[in-house]
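final.tsv follows; it contains TSV, C-alpha atoms.
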```tsv
chain	number	residue	atom	x	y	z
A	1	MET	CA	-62.45	99.91	-7.95
A	2	PRO	CA	-61.95	103.28	-6.25
A	3	GLY	CA	-60.72	106.03	-8.51
A	4	ALA	CA	-58.88	109.31	-8.23
A	5	GLY	CA	-60.74	112.18	-6.65
A	6	LEU	CA	-63.96	111.57	-4.76
A	7	ASN	CA	-65.13	108.13	-3.57
A	8	VAL	CA	-68.29	108.22	-1.45
A	9	LEU	CA	-69.39	105.10	0.44
A	10	ILE	CA	-73.15	105.21	1.01
A	11	GLY	CA	-75.07	102.85	3.26
A	12	ARG	CA	-77.06	102.34	6.41
A	13	ASN	CA	-75.37	102.13	9.79
A	14	ALA	CA	-73.45	98.95	10.67
A	15	GLN	CA	-72.92	97.86	7.06
A	16	GLY	CA	-69.13	98.14	7.06
A	17	LYS	CA	-68.43	101.65	5.76
A	18	SER	CA	-66.25	102.69	8.69
A	19	ASN	CA	-64.52	99.31	8.67
A	20	LEU	CA	-63.44	99.91	5.09
A	21	LEU	CA	-62.13	103.38	5.91
A	22	GLU	CA	-60.35	101.94	8.93
A	23	ALA	CA	-58.68	99.32	6.73
A	24	ILE	CA	-57.46	101.98	4.28
A	25	ALA	CA	-56.07	104.09	7.11
A	26	LEU	CA	-54.43	101.02	8.64
A	27	LEU	CA	-52.34	100.62	5.49
A	28	GLY	CA	-51.06	104.17	5.94
A	29	THR	CA	-50.49	104.49	9.67
A	30	GLY	CA	-50.34	100.83	10.68
A	31	LYS	CA	-52.87	101.59	13.40
A	32	SER	CA	-56.63	101.80	13.84
A	33	PHE	CA	-58.25	105.20	14.21
A	34	ARG	CA	-61.01	103.65	16.36
A	35	THR	CA	-59.19	101.55	18.96
A	36	ALA	CA	-55.75	101.29	20.50
A	37	ARG	CA	-56.17	97.55	21.10
A	38	ASP	CA	-55.17	95.53	18.04
A	39	ALA	CA	-57.05	92.47	19.32
A	40	GLU	CA	-60.34	94.35	18.82
A	41	LEU	CA	-59.67	94.42	15.06
A	42	VAL	CA	-59.90	90.63	14.86
A	43	ARG	CA	-63.30	88.94	14.76
A	44	GLU	CA	-63.90	86.87	17.87
A	45	GLY	CA	-63.17	83.19	17.30
A	46	ILE	CA	-61.18	83.78	14.09
A	47	GLY	CA	-57.78	84.68	15.51
A	48	LEU	CA	-56.43	86.32	12.36
A	49	ALA	CA	-57.15	89.50	10.41
A	50	SER	CA	-55.38	90.81	7.34
A	51	VAL	CA	-55.75	93.81	5.05
A	52	SER	CA	-53.82	94.40	1.84
A	53	ALA	CA	-53.93	96.72	-1.15
A	54	GLN	CA	-51.97	98.18	-4.00
A	55	ALA	CA	-51.12	101.86	-3.88
A	56	ARG	CA	-49.66	104.07	-6.58
A	57	VAL	CA	-47.19	106.58	-5.19
A	58	ALA	CA	-44.52	108.77	-6.74
A	59	ALA	CA	-41.95	106.00	-6.48
A	60	GLY	CA	-44.22	103.47	-8.23
A	61	THR	CA	-46.72	100.83	-7.19
A	62	LEU	CA	-46.55	99.39	-3.67
A	63	ARG	CA	-48.18	96.24	-2.39
A	64	LEU	CA	-48.96	96.80	1.28
A	65	ALA	CA	-50.27	94.34	3.84
A	66	CYS	CA	-50.88	94.30	7.57
A	67	THR	CA	-51.74	91.12	9.47
A	68	ILE	CA	-52.90	90.79	13.09
A	69	ALA	CA	-52.75	87.43	14.84
A	70	VAL	CA	-54.33	86.80	18.23
A	71	GLY	CA	-53.24	83.75	20.21
A	72	GLY	CA	-52.41	82.47	23.62
A	73	SER	CA	-49.17	84.42	23.72
A	74	GLY	CA	-50.89	87.71	22.91
A	75	THR	CA	-51.40	89.82	19.80
A	76	ARG	CA	-48.82	90.03	17.03
A	77	LYS	CA	-48.91	92.47	14.13
A	78	THR	CA	-46.78	92.09	11.01
A	79	TYR	CA	-46.24	94.36	8.01
A	80	THR	CA	-45.10	93.73	4.46
A	81	VAL	CA	-44.14	96.04	1.59
A	82	ASN	CA	-43.96	94.39	-1.83
A	83	GLY	CA	-44.03	90.99	-0.18
A	84	GLN	CA	-41.12	91.70	2.16
A	85	GLY	CA	-41.60	91.79	5.92
A	86	VAL	CA	-40.68	95.17	7.40
A	87	ARG	CA	-40.65	96.82	10.80
A	88	TYR	CA	-43.36	99.30	11.71
A	89	ALA	CA	-41.00	102.26	11.31
A	90	ARG	CA	-40.35	101.24	7.70
A	91	PHE	CA	-44.04	100.60	6.98
A	92	LEU	CA	-45.22	103.92	8.44
A	93	GLY	CA	-45.60	106.57	5.77
A	94	SER	CA	-45.45	104.19	2.79
A	95	VAL	CA	-48.83	105.70	1.97
A	96	ARG	CA	-49.70	108.82	3.89
A	97	VAL	CA	-53.25	109.40	5.11
A	98	VAL	CA	-55.21	112.15	6.81
A	99	THR	CA	-58.32	111.02	8.66
A	100	PHE	CA	-61.41	112.66	10.12
A	101	THR	CA	-63.77	110.72	12.37
A	102	PRO	CA	-66.50	111.90	14.76
A	103	ALA	CA	-64.03	111.38	17.63
A	104	ASP	CA	-61.87	114.14	16.16
A	105	LEU	CA	-64.49	116.68	17.19
A	106	HIS	CA	-62.97	116.37	20.67
A	107	LEU	CA	-59.71	117.84	19.38
A	108	VAL	CA	-60.92	121.28	20.45
A	109	SER	CA	-62.50	120.53	23.81
A	110	GLY	CA	-60.65	117.34	24.76
A	111	PRO	CA	-57.42	116.90	26.72
A	112	PRO	CA	-54.01	118.02	25.38
A	113	SER	CA	-53.09	114.38	24.70
A	114	LEU	CA	-55.51	114.34	21.74
A	115	ARG	CA	-53.90	117.38	20.14
A	116	ARG	CA	-50.41	115.99	20.75
A	117	ALA	CA	-51.43	112.67	19.18
A	118	THR	CA	-52.69	114.45	16.06
A	119	ILE	CA	-49.44	116.34	15.65
A	120	ASN	CA	-47.39	113.21	16.31
A	121	ALA	CA	-49.35	111.21	13.74
A	122	ALA	CA	-48.79	113.82	11.02
A	123	LEU	CA	-45.10	114.35	11.72
A	124	ALA	CA	-44.35	110.63	12.12
A	125	GLN	CA	-45.82	109.95	8.67
A	126	GLU	CA	-43.79	112.76	7.17
A	127	GLN	CA	-40.45	112.27	8.91
A	128	PRO	CA	-39.01	108.87	9.87
A	129	ALA	CA	-36.56	110.73	12.12
A	130	TYR	CA	-39.45	112.26	14.06
A	131	TYR	CA	-40.96	108.83	14.70
A	132	ALA	CA	-37.55	107.55	15.87
A	133	ASP	CA	-37.16	110.49	18.27
A	134	LEU	CA	-40.70	110.06	19.55
A	135	ALA	CA	-40.25	106.34	20.17
A	136	ARG	CA	-36.94	106.92	21.94
A	137	TYR	CA	-38.40	109.74	24.05
A	138	GLN	CA	-41.38	107.64	25.12
A	139	LYS	CA	-39.14	104.70	26.04
A	140	ILE	CA	-36.85	106.85	28.19
A	141	LEU	CA	-39.86	108.59	29.74
A	142	ALA	CA	-41.32	105.23	30.80
A	143	GLN	CA	-37.96	104.25	32.32
A	144	LYS	CA	-37.67	107.54	34.19
A	145	ASN	CA	-41.21	107.26	35.54
A	146	ALA	CA	-40.47	103.74	36.80
A	147	LEU	CA	-37.42	105.13	38.62
A	148	LEU	CA	-39.42	108.02	40.10
A	149	ARG	CA	-42.16	105.65	41.28
A	150	GLY	CA	-39.62	103.56	43.15
A	151	VAL	CA	-39.93	100.47	40.95
A	152	VAL	CA	-36.15	100.41	41.18
A	153	ALA	CA	-33.94	102.07	43.80
A	154	LEU	CA	-33.30	105.75	43.13
A	155	ASP	CA	-29.97	106.27	41.39
A	156	ASP	CA	-28.91	109.87	40.75
A	157	ASP	CA	-26.58	108.91	37.92
A	158	LEU	CA	-29.31	106.89	36.22
A	159	LEU	CA	-31.78	109.75	36.62
A	160	ALA	CA	-29.25	112.13	35.06
A	161	THR	CA	-28.80	109.71	32.14
A	162	TYR	CA	-32.55	109.55	31.57
A	163	ASN	CA	-32.83	113.35	31.71
A	164	ALA	CA	-30.01	113.75	29.19
A	165	GLY	CA	-31.78	111.36	26.81
A	166	LEU	CA	-35.07	113.23	27.22
A	167	VAL	CA	-33.37	116.53	26.47
A	168	GLU	CA	-31.67	115.16	23.35
A	169	SER	CA	-34.78	113.61	21.79
A	170	GLY	CA	-37.25	116.07	23.29
A	171	THR	CA	-35.46	119.11	21.88
A	172	ARG	CA	-35.80	117.73	18.35
A	173	LEU	CA	-39.47	116.93	18.95
A	174	MET	CA	-40.19	120.47	20.12
A	175	LEU	CA	-38.35	122.04	17.19
A	176	ALA	CA	-40.32	119.90	14.73
A	177	ARG	CA	-43.64	120.65	16.44
A	178	ARG	CA	-42.95	124.38	16.52
A	179	ALA	CA	-42.20	124.53	12.79
A	180	TYR	CA	-45.14	122.30	11.87
A	181	CYS	CA	-47.67	124.22	13.99
A	182	ALA	CA	-46.51	127.55	12.56
A	183	GLN	CA	-47.15	126.28	9.03
A	184	LEU	CA	-50.40	124.55	10.03
A	185	ALA	CA	-51.74	127.73	11.63
A	186	VAL	CA	-51.50	129.76	8.42
A	187	VAL	CA	-53.13	127.12	6.22
A	188	ALA	CA	-55.86	126.26	8.76
A	189	ASN	CA	-56.88	129.90	9.10
A	190	ALA	CA	-57.09	130.28	5.32
A	191	ALA	CA	-59.29	127.17	5.08
A	192	HIS	CA	-61.45	128.39	7.94
A	193	ARG	CA	-61.96	131.81	6.36
A	194	SER	CA	-63.22	130.15	3.17
A	195	TRP	CA	-66.00	128.43	5.16
A	196	ALA	CA	-66.64	131.09	7.81
A	197	PRO	CA	-65.78	134.52	6.37
A	198	GLY	CA	-64.99	137.13	8.98
A	199	ALA	CA	-63.84	134.69	11.66
A	200	GLU	CA	-60.15	134.14	12.36
A	201	LEU	CA	-58.94	130.75	13.57
A	202	HIS	CA	-55.68	130.98	15.48
A	203	LEU	CA	-53.48	128.01	16.38
A	204	ALA	CA	-50.52	128.41	18.74
A	205	TYR	CA	-48.03	125.78	19.83
A	206	GLU	CA	-47.68	125.82	23.63
A	207	PRO	CA	-44.56	123.90	24.62
A	208	ASN	CA	-44.26	122.73	28.20
A	209	VAL	CA	-40.65	123.96	28.14
A	210	ARG	CA	-40.53	127.67	27.38
A	211	ALA	CA	-37.36	128.89	25.72
A	212	ASP	CA	-36.52	132.58	25.25
A	213	VAL	CA	-34.56	131.63	22.13
A	214	PRO	CA	-36.36	128.81	20.23
A	215	THR	CA	-33.20	127.30	18.72
A	216	ALA	CA	-31.88	123.81	19.45
A	217	ASP	CA	-29.38	125.17	22.00
A	218	GLY	CA	-31.92	127.54	23.53
A	219	ILE	CA	-34.57	124.84	23.94
A	220	ALA	CA	-32.08	122.28	25.28
A	221	GLY	CA	-30.78	124.78	27.84
A	222	ALA	CA	-34.28	125.70	28.96
A	223	PHE	CA	-35.19	122.00	29.18
A	224	ILE	CA	-32.17	121.25	31.41
A	225	ASP	CA	-33.00	124.19	33.69
A	226	ALA	CA	-36.65	123.13	33.93
A	227	LEU	CA	-35.67	119.56	34.84
A	228	ASP	CA	-33.36	120.84	37.57
A	229	ARG	CA	-36.09	123.03	39.05
A	230	ALA	CA	-38.65	120.20	38.88
A	231	ARG	CA	-36.48	117.50	40.47
A	232	THR	CA	-37.95	117.70	43.99
A	233	ASN	CA	-41.51	117.93	42.69
A	234	GLU	CA	-41.02	114.98	40.30
A	235	LEU	CA	-39.64	112.82	43.11
A	236	ARG	CA	-42.57	113.73	45.33
A	237	ARG	CA	-45.18	113.06	42.62
A	238	GLY	CA	-43.46	109.97	41.24
A	239	SER	CA	-43.75	111.08	37.61
A	240	ALA	CA	-42.00	113.26	35.04
A	241	ILE	CA	-43.73	116.62	34.78
A	242	VAL	CA	-41.39	118.46	32.41
A	243	GLY	CA	-41.03	117.85	28.68
A	244	PRO	CA	-42.85	117.68	25.35
A	245	HIS	CA	-45.10	114.90	26.66
A	246	ARG	CA	-46.98	117.78	28.30
A	247	ASP	CA	-47.13	120.11	25.28
A	248	ASP	CA	-50.42	121.56	24.06
A	249	VAL	CA	-51.89	123.52	21.17
A	250	ARG	CA	-54.07	126.55	21.87
A	251	LEU	CA	-57.03	127.16	19.54
A	252	THR	CA	-58.84	130.48	19.51
A	253	LEU	CA	-61.57	131.94	17.34
A	254	ASP	CA	-60.87	135.65	16.98
A	255	THR	CA	-59.90	136.42	20.60
A	256	GLN	CA	-61.97	133.75	22.36
A	257	LEU	CA	-60.71	130.34	23.51
A	258	LEU	CA	-62.52	127.93	21.20
A	259	ALA	CA	-62.90	125.14	23.77
A	260	ALA	CA	-64.58	127.44	26.28
A	261	TYR	CA	-66.63	129.76	24.09
A	262	GLY	CA	-67.02	128.12	20.68
A	263	SER	CA	-70.35	126.60	19.67
A	264	GLN	CA	-70.55	123.00	18.49
A	265	GLY	CA	-70.78	124.21	14.91
A	266	GLN	CA	-67.79	126.52	15.33
A	267	GLN	CA	-65.73	123.74	16.85
A	268	ARG	CA	-66.68	121.36	14.03
A	269	THR	CA	-65.69	123.92	11.39
A	270	ALA	CA	-62.38	124.49	13.17
A	271	VAL	CA	-61.57	120.76	13.24
A	272	LEU	CA	-62.38	120.42	9.53
A	273	ALA	CA	-60.11	123.39	8.82
A	274	LEU	CA	-57.33	121.72	10.81
A	275	LYS	CA	-57.74	118.50	8.83
A	276	ALA	CA	-57.75	120.36	5.52
A	277	ALA	CA	-54.58	122.12	6.65
A	278	GLU	CA	-52.99	118.84	7.74
A	279	TYR	CA	-53.61	117.49	4.24
A	280	ALA	CA	-52.19	120.58	2.53
A	281	VAL	CA	-49.10	120.82	4.74
A	282	LEU	CA	-48.32	117.12	4.37
A	283	ARG	CA	-48.64	117.40	0.60
A	284	GLU	CA	-46.42	120.48	0.47
A	285	ARG	CA	-43.74	119.02	2.74
A	286	THR	CA	-43.52	115.61	1.07
A	287	GLY	CA	-44.35	116.52	-2.52
A	288	GLU	CA	-47.02	113.82	-2.54
A	289	ALA	CA	-50.72	114.07	-1.78
A	290	PRO	CA	-51.97	111.91	1.09
A	291	VAL	CA	-55.21	109.95	0.97
A	292	LEU	CA	-58.02	111.86	2.69
A	293	ILE	CA	-60.40	109.71	4.77
A	294	LEU	CA	-63.59	111.27	6.13
A	295	ASP	CA	-66.01	109.28	8.27
A	296	ASP	CA	-69.48	110.75	8.88
A	297	VAL	CA	-68.39	114.24	7.87
A	298	LEU	CA	-71.61	115.16	6.04
A	299	SER	CA	-74.21	114.42	8.69
A	300	GLU	CA	-74.36	117.94	10.15
A	301	LEU	CA	-74.30	119.79	6.82
A	302	ASP	CA	-77.37	120.99	4.92
A	303	PRO	CA	-77.61	120.06	1.20
A	304	GLN	CA	-76.08	123.34	0.04
A	305	ARG	CA	-73.08	123.00	2.34
A	306	GLN	CA	-72.74	119.33	1.45
A	307	ALA	CA	-72.47	120.24	-2.22
A	308	ALA	CA	-69.92	122.98	-1.53
A	309	PHE	CA	-67.86	120.69	0.70
A	310	LEU	CA	-67.88	117.82	-1.80
A	311	GLU	CA	-66.90	120.16	-4.62
A	312	GLY	CA	-63.95	121.36	-2.56
A	313	VAL	CA	-62.58	117.98	-1.46
A	314	GLY	CA	-63.34	116.50	-4.88
A	315	ARG	CA	-60.33	118.42	-6.17
A	316	TYR	CA	-58.04	116.44	-3.88
A	317	GLU	CA	-56.07	113.55	-5.37
A	318	GLN	CA	-58.05	110.80	-3.63
A	319	VAL	CA	-60.77	111.07	-1.00
A	320	PHE	CA	-62.89	108.44	0.74
A	321	ILE	CA	-66.07	109.57	2.50
A	322	ALA	CA	-68.56	107.41	4.42
A	323	THR	CA	-72.13	108.63	4.79
A	324	THR	CA	-75.59	107.25	5.54
A	325	SER	CA	-77.42	109.66	3.23
A	326	GLU	CA	-77.23	110.09	-0.52
A	327	PRO	CA	-75.43	113.40	-1.19
A	328	VAL	CA	-76.88	115.74	-3.76
A	329	ALA	CA	-75.14	116.46	-7.06
A	330	LEU	CA	-72.70	113.59	-6.69
A	331	PRO	CA	-71.16	112.20	-9.91
A	332	PRO	CA	-72.18	108.55	-10.53
A	333	ALA	CA	-68.54	107.44	-10.74
A	334	ALA	CA	-68.01	108.65	-7.18
A	335	ARG	CA	-70.90	106.62	-5.69
A	336	PHE	CA	-70.36	103.28	-3.97
A	337	HIS	CA	-73.05	101.49	-2.02
A	338	VAL	CA	-72.12	99.42	1.02
A	339	GLU	CA	-74.42	96.72	2.38
A	340	GLY	CA	-73.58	93.68	4.45
A	341	ALA	CA	-69.84	94.37	4.19
A	342	SER	CA	-70.05	94.29	0.37
A	343	VAL	CA	-69.29	97.24	-1.87
A	344	ARG	CA	-70.79	97.85	-5.29
A	345	ALA	CA	-70.45	100.76	-7.69
A	346	ALA	CA	-73.57	102.80	-8.34
```

Translate the structure described by the file into structure tokens.
Amino acid sequence: MPGAGLNVLIGRNAQGKSNLLEAIALLGTGKSFRTARDAELVREGIGLASVSAQARVAAGTLRLACTIAVGGSGTRKTYTVNGQGVRYARFLGSVRVVTFTPADLHLVSGPPSLRRATINAALAQEQPAYYADLARYQKILAQKNALLRGVVALDDDLLATYNAGLVESGTRLMLARRAYCAQLAVVANAAHRSWAPGAELHLAYEPNVRADVPTADGIAGAFIDALDRARTNELRRGSAIVGPHRDDVRLTLDTQLLAAYGSQGQQRTAVLALKAAEYAVLRERTGEAPVLILDDVLSELDPQRQAAFLEGVGRYEQVFIATTSEPVALPPAARFHVEGASVRAA
């Protein structure tokens, strides 16, 4: 049984370590951190996959389950909390998780969509209202894009209705992102300084809609003006080009853009600092510590840095780490060996 604090899964490649971490994360976010296609989570020829667990949270003990069924009519995912079927919006955030995987190293150098997705995932777990606004915004955005592409005949009144909906939901999204990124920036820089003294990590929210006064009214007014100016260009391009779906986050190390000038080691340290900050901010905002899930985080660290890193995260409420090598100075109670999809305590 995993315990509080550090839980390290040790084993060769392809033994099931990442699958276990993925299952734990699935019970927090309802989604895989490795694939966007639910059907890929089901073993070929089986047609059904299910993961369940008990979790102790501030409100008590929860029994969580997620089931994925693949059939001729497509893929269907269902969620239960304490034996009762619930919608995804109700399931999300029952247990909050923060994950790090090797793919997260692209957060610095990858496209803005990766950084937006990371912010969305954190805020959606924290705030049900944020998830509702995000879902509504994405639905209206898809409808507007279909109109702009000519899937249906252009209707000025319908376009105005879509734009009004985007402004309403999008303004709340931008306000939430601005506040979250401001808090994240302070905590991430503090974490980064503890690992790389003398180097300053700066994070800046870069909204697609720039408002001179970053209040709800100021952002909404700027959004409306930007949509009016972009109308001709959006019709020509057949897609919506204004709104928080085009936001970004700028990461700099001292005065240099991290994506352009940061080394691989510097970028890795920055991503780990961002994840540590995500954990701390989520804990502070909700009053409850999330589960920290780290896949292959130790592979690039020498033994001394491994020990320092494990000592640091070992103070968190509950951490799961997957690694192929036996870490030094690891307490026996924190060791779990994984082989052939089976887990045994050391």

Return the single residue from A:Val271, A:Ala176, A:Leu227, A:Ala240 that is closest to Ala142 of chain A, with distances computed using all atoms listed in the file.
-> A:Ala240

Of the residues A:Glu40, A:Gly30, A:Ala14, A:Tyr180, which is the one nearest to Phe91 of chain A, using all atoms listed in the file?
-> A:Gly30

Exercise: Arg237 of chain A partners within 12 Å, all atoms listed in the file, chain neighbours under 6 positions left out, as a ChimeraX atom specification = /A:145-150,230-231

Go ahead and save the picked residues with C-alpha atoms, as a compact mmCIF listing (two decimals), in the frame of the given file.
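Printed below is again-v2.txt as written:
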```txt
# COMPACT_ATOMS: atom_id res chain seq x y z
CA ASN A 145 -41.21 107.26 35.54
CA ALA A 146 -40.47 103.74 36.80
CA LEU A 147 -37.42 105.13 38.62
CA LEU A 148 -39.42 108.02 40.10
CA ARG A 149 -42.16 105.65 41.28
CA GLY A 150 -39.62 103.56 43.15
CA ALA A 230 -38.65 120.20 38.88
CA ARG A 231 -36.48 117.50 40.47
```

Could you list as number ranges by chain every residue that has an atom within 10 Å of (-56.4, 99.2, 5.5), using the file's coordinates and counting only C-alpha atoms?
-> A: 19-32, 50-53, 64-66

Pick from A:Gly238, A:Asp156, A:Glu206, A:Ala270, whichever lies nearest to Ala182 of chain A using all atoms listed in the file = A:Glu206

Counting all atoms listed in the file, note down every residue that has an atom within 12 Å of the point (-45.8, 123.2, 16.4) (file coordinates), as number ranges by chain.
-> A: 115-116, 118-120, 122-123, 172-186, 203-208, 214, 244, 247-250

For Arg193 of chain A, which of A:Ala307, A:Ala273, A:Ala220, A:Ala4 is the closest residue, counting only C-alpha atoms?
-> A:Ala273

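Put simply, atom CA of Phe223 of chain A is 29.6 Å away from atom CA of Val187 of chain A.
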
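Atom pair atom CA of Arg344 of chain A / atom CA of Thr35 of chain A has a distance of 27.1 Å (rounded to one decimal).
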
Residues at most 10 Å from Gly165 of chain A, counting all atoms listed in the file, excluding those fewer than 4 positions away in the same chain, as a list in words?
-> Arg136, Tyr137, Lys139, Ile140, Leu141, Leu159, Ala160, Thr161, Ser169, Gly170 and Thr171 of chain A

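Computed from the coordinates, the atom CA of Arg12 of chain A to atom CA of Gly340 of chain A distance equals 9.5 Å.
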
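With all atoms listed in the file as the atoms that count, the residue of A:Gly265, A:Pro290, A:Gly312, A:Gly218 with the shortest distance to Val98 of chain A is A:Pro290.
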
Padding 8 Å on each side, edges along x, y and z: where is the centre of the box around the listed atoms of segment 191-195 of chain A, and how long are its edges in Å to one decimal? Output it as AutoDock Vina command-line options.
```
--center_x -62.6 --center_y 129.5 --center_z 5.6 --size_x 22.7 --size_y 20.6 --size_z 20.8
```

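With distances restricted to all atoms listed in the file, A:Ala333 is the closest residue to Gly3 of chain A from A:Val97, A:Val213, A:Ala333, A:Ala276.
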
Write out as JSON, numbers by chain which residues come within 6 Å of Ala322 of chain A when counting all atoms listed in the file, dropping same-chain ones fewer than 4 positions away.
-> {"A": [8, 9, 17, 295, 296]}

Near Lys77 of chain A, counting all atoms listed in the file, which residues have an atom at most 9 Å away, once you skip same-chain residues fewer than 4 positions from it, shown as a count of residues only?
-> 6

Quick one: everything within 12 Å of Pro331 of chain A, counting all atoms listed in the file, minus sequence neighbours fewer than 4 positions away in the same chain. Send it as a PyMOL selection string.
-> chain A and resi 5-8+307+310-311+314+326-327+335-336+345-346
